$ cat upload07.cif   # mmCIF, N, CA and C atoms
data_entry
loop_
_atom_site.label_atom_id
_atom_site.label_comp_id
_atom_site.auth_asym_id
_atom_site.auth_seq_id
_atom_site.Cartn_x
_atom_site.Cartn_y
_atom_site.Cartn_z
N MET A 62 -2.91 122.51 120.84
CA MET A 62 -3.71 123.09 121.88
C MET A 62 -3.61 124.61 121.76
N THR A 63 -4.70 125.30 121.99
CA THR A 63 -4.69 126.76 121.90
C THR A 63 -4.87 127.40 123.27
N TYR A 64 -3.99 128.32 123.55
CA TYR A 64 -4.06 129.13 124.75
C TYR A 64 -4.37 130.55 124.31
N PHE A 65 -4.79 131.37 125.27
CA PHE A 65 -5.07 132.77 124.98
C PHE A 65 -4.31 133.63 125.97
N CYS A 66 -3.60 134.61 125.45
CA CYS A 66 -2.81 135.53 126.27
C CYS A 66 -3.50 136.89 126.25
N TYR A 67 -3.86 137.39 127.43
CA TYR A 67 -4.46 138.72 127.56
C TYR A 67 -3.43 139.63 128.21
N VAL A 68 -3.12 140.73 127.53
CA VAL A 68 -2.11 141.67 128.02
C VAL A 68 -2.81 142.95 128.46
N TYR A 69 -2.60 143.32 129.72
CA TYR A 69 -3.20 144.51 130.31
C TYR A 69 -2.16 145.63 130.33
N SER A 70 -2.59 146.81 129.87
CA SER A 70 -1.67 147.95 129.77
C SER A 70 -2.18 149.14 130.55
N LYS A 71 -1.24 150.00 130.96
CA LYS A 71 -1.60 151.26 131.60
C LYS A 71 -2.37 152.10 130.59
N GLY A 72 -3.43 152.75 131.04
CA GLY A 72 -4.15 153.66 130.17
C GLY A 72 -5.18 153.00 129.27
N SER A 73 -5.40 151.69 129.40
CA SER A 73 -6.41 151.02 128.58
C SER A 73 -7.23 150.08 129.46
N ALA A 74 -8.53 150.17 129.32
CA ALA A 74 -9.41 149.30 130.10
C ALA A 74 -9.63 147.96 129.41
N THR A 75 -9.26 147.88 128.13
CA THR A 75 -9.47 146.66 127.36
C THR A 75 -8.14 145.96 127.11
N PRO A 76 -8.01 144.70 127.50
CA PRO A 76 -6.74 143.99 127.27
C PRO A 76 -6.56 143.62 125.80
N TYR A 77 -5.30 143.52 125.40
CA TYR A 77 -4.94 142.99 124.09
C TYR A 77 -4.99 141.47 124.22
N MET A 78 -5.58 140.80 123.24
CA MET A 78 -5.69 139.34 123.31
C MET A 78 -5.01 138.73 122.09
N GLU A 79 -4.26 137.67 122.33
CA GLU A 79 -3.63 136.94 121.23
C GLU A 79 -3.77 135.44 121.47
N ALA A 80 -4.18 134.73 120.44
CA ALA A 80 -4.23 133.26 120.51
C ALA A 80 -2.80 132.74 120.46
N VAL A 81 -2.53 131.72 121.26
CA VAL A 81 -1.18 131.15 121.35
C VAL A 81 -1.29 129.65 121.04
N PRO A 82 -1.18 129.28 119.74
CA PRO A 82 -1.30 127.87 119.38
C PRO A 82 0.04 127.14 119.55
N VAL A 83 0.16 126.40 120.63
CA VAL A 83 1.40 125.68 120.94
C VAL A 83 1.08 124.27 121.42
N ARG A 84 2.14 123.48 121.69
CA ARG A 84 1.95 122.09 122.10
C ARG A 84 1.65 121.92 123.58
N ASP A 85 2.23 122.80 124.43
CA ASP A 85 2.03 122.60 125.88
C ASP A 85 2.07 123.93 126.62
N GLN A 86 1.78 123.85 127.90
CA GLN A 86 1.66 125.06 128.72
C GLN A 86 2.99 125.79 128.85
N SER A 87 4.09 125.09 128.95
CA SER A 87 5.38 125.79 129.12
C SER A 87 5.70 126.64 127.89
N GLU A 88 5.40 126.14 126.69
CA GLU A 88 5.59 126.94 125.48
C GLU A 88 4.65 128.13 125.48
N ALA A 89 3.42 127.93 125.93
CA ALA A 89 2.44 129.02 125.98
C ALA A 89 2.90 130.11 126.94
N GLU A 90 3.43 129.72 128.09
CA GLU A 90 3.91 130.69 129.07
C GLU A 90 5.08 131.49 128.50
N ALA A 91 5.99 130.83 127.82
CA ALA A 91 7.15 131.51 127.24
C ALA A 91 6.71 132.52 126.18
N LEU A 92 5.77 132.12 125.33
CA LEU A 92 5.30 133.02 124.29
C LEU A 92 4.50 134.18 124.88
N CYS A 93 3.69 133.91 125.87
CA CYS A 93 2.91 134.96 126.53
C CYS A 93 3.84 135.98 127.20
N LEU A 94 4.92 135.51 127.80
CA LEU A 94 5.89 136.40 128.42
C LEU A 94 6.55 137.28 127.36
N ARG A 95 6.85 136.70 126.20
CA ARG A 95 7.43 137.49 125.11
C ARG A 95 6.44 138.54 124.62
N ILE A 96 5.16 138.16 124.52
CA ILE A 96 4.13 139.12 124.10
C ILE A 96 4.05 140.26 125.12
N LEU A 97 4.10 139.92 126.41
CA LEU A 97 4.09 140.93 127.47
C LEU A 97 5.26 141.89 127.29
N CYS A 98 6.43 141.37 127.05
CA CYS A 98 7.62 142.21 126.91
C CYS A 98 7.58 143.08 125.66
N ASP A 99 6.86 142.64 124.64
CA ASP A 99 6.76 143.40 123.39
C ASP A 99 5.82 144.61 123.51
N HIS A 100 4.99 144.64 124.52
CA HIS A 100 4.03 145.74 124.70
C HIS A 100 4.60 146.74 125.71
N ARG A 101 4.93 147.90 125.22
CA ARG A 101 5.62 148.92 126.00
C ARG A 101 4.92 149.28 127.30
N ASP A 102 3.61 149.48 127.28
CA ASP A 102 2.89 149.93 128.47
C ASP A 102 2.25 148.79 129.26
N ALA A 103 2.56 147.57 128.91
CA ALA A 103 1.94 146.42 129.57
C ALA A 103 2.39 146.31 131.03
N THR A 104 1.43 145.93 131.87
CA THR A 104 1.74 145.73 133.28
C THR A 104 1.67 144.26 133.68
N ARG A 105 0.80 143.50 133.00
CA ARG A 105 0.70 142.08 133.29
C ARG A 105 0.06 141.36 132.11
N ALA A 106 0.23 140.04 132.11
CA ALA A 106 -0.41 139.18 131.11
C ALA A 106 -1.04 138.01 131.83
N GLU A 107 -2.19 137.58 131.34
CA GLU A 107 -2.88 136.42 131.89
C GLU A 107 -3.02 135.39 130.78
N LEU A 108 -2.69 134.15 131.11
CA LEU A 108 -2.74 133.07 130.14
C LEU A 108 -3.88 132.13 130.49
N PHE A 109 -4.69 131.81 129.49
CA PHE A 109 -5.83 130.92 129.67
C PHE A 109 -5.72 129.74 128.72
N GLU A 110 -6.14 128.56 129.21
CA GLU A 110 -6.34 127.41 128.35
C GLU A 110 -7.85 127.31 128.19
N ASN A 111 -8.33 127.66 127.01
CA ASN A 111 -9.77 127.86 126.77
C ASN A 111 -10.27 128.90 127.76
N ASP A 112 -11.15 128.55 128.71
CA ASP A 112 -11.63 129.55 129.67
C ASP A 112 -11.04 129.35 131.07
N ARG A 113 -10.03 128.50 131.18
CA ARG A 113 -9.40 128.21 132.48
C ARG A 113 -8.10 128.99 132.63
N PRO A 114 -7.99 129.87 133.65
CA PRO A 114 -6.73 130.60 133.86
C PRO A 114 -5.62 129.64 134.29
N VAL A 115 -4.45 129.81 133.68
CA VAL A 115 -3.33 128.91 134.01
C VAL A 115 -2.07 129.65 134.48
N ALA A 116 -1.95 130.96 134.18
CA ALA A 116 -0.76 131.69 134.63
C ALA A 116 -1.02 133.19 134.57
N VAL A 117 -0.33 133.92 135.46
CA VAL A 117 -0.32 135.37 135.45
C VAL A 117 1.14 135.80 135.48
N MET A 118 1.50 136.70 134.59
CA MET A 118 2.87 137.20 134.52
C MET A 118 2.86 138.71 134.69
N ARG A 119 3.78 139.22 135.45
CA ARG A 119 3.87 140.66 135.66
C ARG A 119 5.21 141.16 135.14
N ARG A 120 5.18 142.40 134.65
CA ARG A 120 6.44 143.01 134.21
C ARG A 120 7.27 143.27 135.46
N GLU A 121 8.49 142.77 135.48
CA GLU A 121 9.34 142.89 136.67
C GLU A 121 9.92 144.27 136.83
N ALA A 122 10.19 144.94 135.73
CA ALA A 122 10.78 146.27 135.79
C ALA A 122 10.06 147.16 134.79
N PRO A 123 10.03 148.45 135.04
CA PRO A 123 9.39 149.34 134.08
C PRO A 123 10.08 149.26 132.73
N TYR A 124 9.31 149.49 131.70
CA TYR A 124 9.86 149.45 130.35
C TYR A 124 10.82 150.61 130.16
N GLU A 125 11.98 150.31 129.60
CA GLU A 125 12.93 151.35 129.23
C GLU A 125 13.26 151.15 127.77
N PRO A 126 13.07 152.19 126.95
CA PRO A 126 13.38 152.03 125.54
C PRO A 126 14.87 151.79 125.35
N PRO A 127 15.24 151.08 124.29
CA PRO A 127 16.66 150.82 124.05
C PRO A 127 17.42 152.13 123.88
N ARG A 128 18.58 152.18 124.44
CA ARG A 128 19.42 153.38 124.31
C ARG A 128 20.24 153.28 123.05
N GLU A 129 20.40 154.42 122.40
CA GLU A 129 21.24 154.44 121.20
C GLU A 129 22.69 154.56 121.64
N GLU A 130 23.52 153.82 120.94
CA GLU A 130 24.94 153.86 121.25
C GLU A 130 25.50 155.22 120.82
N ALA A 131 26.33 155.80 121.64
CA ALA A 131 26.98 157.06 121.26
C ALA A 131 28.03 156.77 120.21
N ALA A 132 28.05 157.59 119.18
CA ALA A 132 29.04 157.41 118.11
C ALA A 132 30.41 157.82 118.64
N PRO A 133 31.45 157.07 118.25
CA PRO A 133 32.79 157.45 118.69
C PRO A 133 33.19 158.78 118.05
N PRO A 134 34.00 159.56 118.74
CA PRO A 134 34.41 160.85 118.17
C PRO A 134 35.14 160.64 116.86
N GLN A 135 34.88 161.54 115.89
CA GLN A 135 35.55 161.44 114.60
C GLN A 135 36.93 162.06 114.68
N GLN A 136 37.87 161.40 114.03
CA GLN A 136 39.24 161.93 114.02
C GLN A 136 39.41 162.78 112.78
N SER A 137 40.12 163.90 112.93
CA SER A 137 40.34 164.80 111.79
C SER A 137 41.61 164.45 111.07
#
$ encode --input "upload07.cif" --output "structure tokens"
Amino acid sequence: MTYFCYVYSKGSATPYMEAVPVRDQSEAEALCLRILCDHRDATRAELFENDRPVAVMRREAPYEPPREEAAPPQQS
């Protein structure tokens, strides 16, 4: 079964769309959530089964880029 995930981002009027070929809706929701998390400026994702909306996911917290670990002080 094919689902479609539309990801809406700040600063863009056109959503990013990705086909999600999976066995069931729960797998589609999990993959769509991962796609949402992979898009830095994304605010929400909408999941469709063909043309029927089945889920809406929102980013729970603003995106924060990964922090680099501070290097331990070097010993002389």
$ atom_distance --input "upload07.cif" --atom1 "atom C of Ala74 of chain A" --atom2 "atom CA of Glu90 of chain A"
21.9 Å
$ closest_residue --input "upload07.cif" --among "A:Ala103, A:Ala89, A:Met78, A:Met118" --to "Tyr64 of chain A" --atoms "only C-alpha atoms"
A:Ala89
$ resolve_selection --input "upload07.cif" --expression "the PyMOL selection byres ((chain A and resi 91-96) around 7)" --output "PDB file with N, CA and C atoms, keeping the file's coordinate frame"
ATOM      1  N   CYS A  66      -3.600 134.610 125.450  1.00  0.00           N
ATOM      2  CA  CYS A  66      -2.810 135.530 126.270  1.00  0.00           C
ATOM      3  C   CYS A  66      -3.500 136.890 126.250  1.00  0.00           C
ATOM      4  N   VAL A  68      -3.120 140.730 127.530  1.00  0.00           N
ATOM      5  CA  VAL A  68      -2.110 141.670 128.020  1.00  0.00           C
ATOM      6  C   VAL A  68      -2.810 142.950 128.460  1.00  0.00           C
ATOM      7  N   GLN A  86       1.780 123.850 127.900  1.00  0.00           N
ATOM      8  CA  GLN A  86       1.660 125.060 128.720  1.00  0.00           C
ATOM      9  C   GLN A  86       2.990 125.790 128.850  1.00  0.00           C
ATOM     10  N   SER A  87       4.090 125.090 128.950  1.00  0.00           N
ATOM     11  CA  SER A  87       5.380 125.790 129.120  1.00  0.00           C
ATOM     12  C   SER A  87       5.700 126.640 127.890  1.00  0.00           C
ATOM     13  N   GLU A  88       5.400 126.140 126.690  1.00  0.00           N
ATOM     14  CA  GLU A  88       5.590 126.940 125.480  1.00  0.00           C
ATOM     15  C   GLU A  88       4.650 128.130 125.480  1.00  0.00           C
ATOM     16  N   ALA A  89       3.420 127.930 125.930  1.00  0.00           N
ATOM     17  CA  ALA A  89       2.440 129.020 125.980  1.00  0.00           C
ATOM     18  C   ALA A  89       2.900 130.110 126.940  1.00  0.00           C
ATOM     19  N   GLU A  90       3.430 129.720 128.090  1.00  0.00           N
ATOM     20  CA  GLU A  90       3.910 130.690 129.070  1.00  0.00           C
ATOM     21  C   GLU A  90       5.080 131.490 128.500  1.00  0.00           C
ATOM     22  N   LEU A  97       4.100 139.920 126.410  1.00  0.00           N
ATOM     23  CA  LEU A  97       4.090 140.930 127.470  1.00  0.00           C
ATOM     24  C   LEU A  97       5.260 141.890 127.290  1.00  0.00           C
ATOM     25  N   CYS A  98       6.430 141.370 127.050  1.00  0.00           N
ATOM     26  CA  CYS A  98       7.620 142.210 126.910  1.00  0.00           C
ATOM     27  C   CYS A  98       7.580 143.080 125.660  1.00  0.00           C
ATOM     28  N   ASP A  99       6.860 142.640 124.640  1.00  0.00           N
ATOM     29  CA  ASP A  99       6.760 143.400 123.390  1.00  0.00           C
ATOM     30  C   ASP A  99       5.820 144.610 123.510  1.00  0.00           C
ATOM     31  N   HIS A 100       4.990 144.640 124.520  1.00  0.00           N
ATOM     32  CA  HIS A 100       4.030 145.740 124.700  1.00  0.00           C
ATOM     33  C   HIS A 100       4.600 146.740 125.710  1.00  0.00           C
ATOM     34  N   ALA A 106       0.230 140.040 132.110  1.00  0.00           N
ATOM     35  CA  ALA A 106      -0.410 139.180 131.110  1.00  0.00           C
ATOM     36  C   ALA A 106      -1.040 138.010 131.830  1.00  0.00           C
ATOM     37  N   LEU A 108      -2.690 134.150 131.110  1.00  0.00           N
ATOM     38  CA  LEU A 108      -2.740 133.070 130.140  1.00  0.00           C
ATOM     39  C   LEU A 108      -3.880 132.130 130.490  1.00  0.00           C
ATOM     40  N   MET A 118       1.500 136.700 134.590  1.00  0.00           N
ATOM     41  CA  MET A 118       2.870 137.200 134.520  1.00  0.00           C
ATOM     42  C   MET A 118       2.860 138.710 134.690  1.00  0.00           C
TER      43      MET A 118
END
$ atom_distance --input "upload07.cif" --atom1 "atom N of Phe109 of chain A" --atom2 "atom C of Glu121 of chain A"
20.6 Å
$ atom_distance --input "upload07.cif" --atom1 "atom C of Arg105 of chain A" --atom2 "atom CA of Thr63 of chain A"
18.4 Å
$ resolve_selection --input "upload07.cif" --expression "the PyMOL selection byres ((chain A and resi 102) around 6)" --output "VMD selection string"
chain A and resid 69 to 71 100 to 101 103 to 104
$ residues_around --input "upload07.cif" --residues "Glu79 of chain A" --least-positions-apart "2" --cutoff "5 Å" --atoms "all atoms listed in the file" --output "MDAnalysis selection string"
chainID A and resid 65:66 77 81
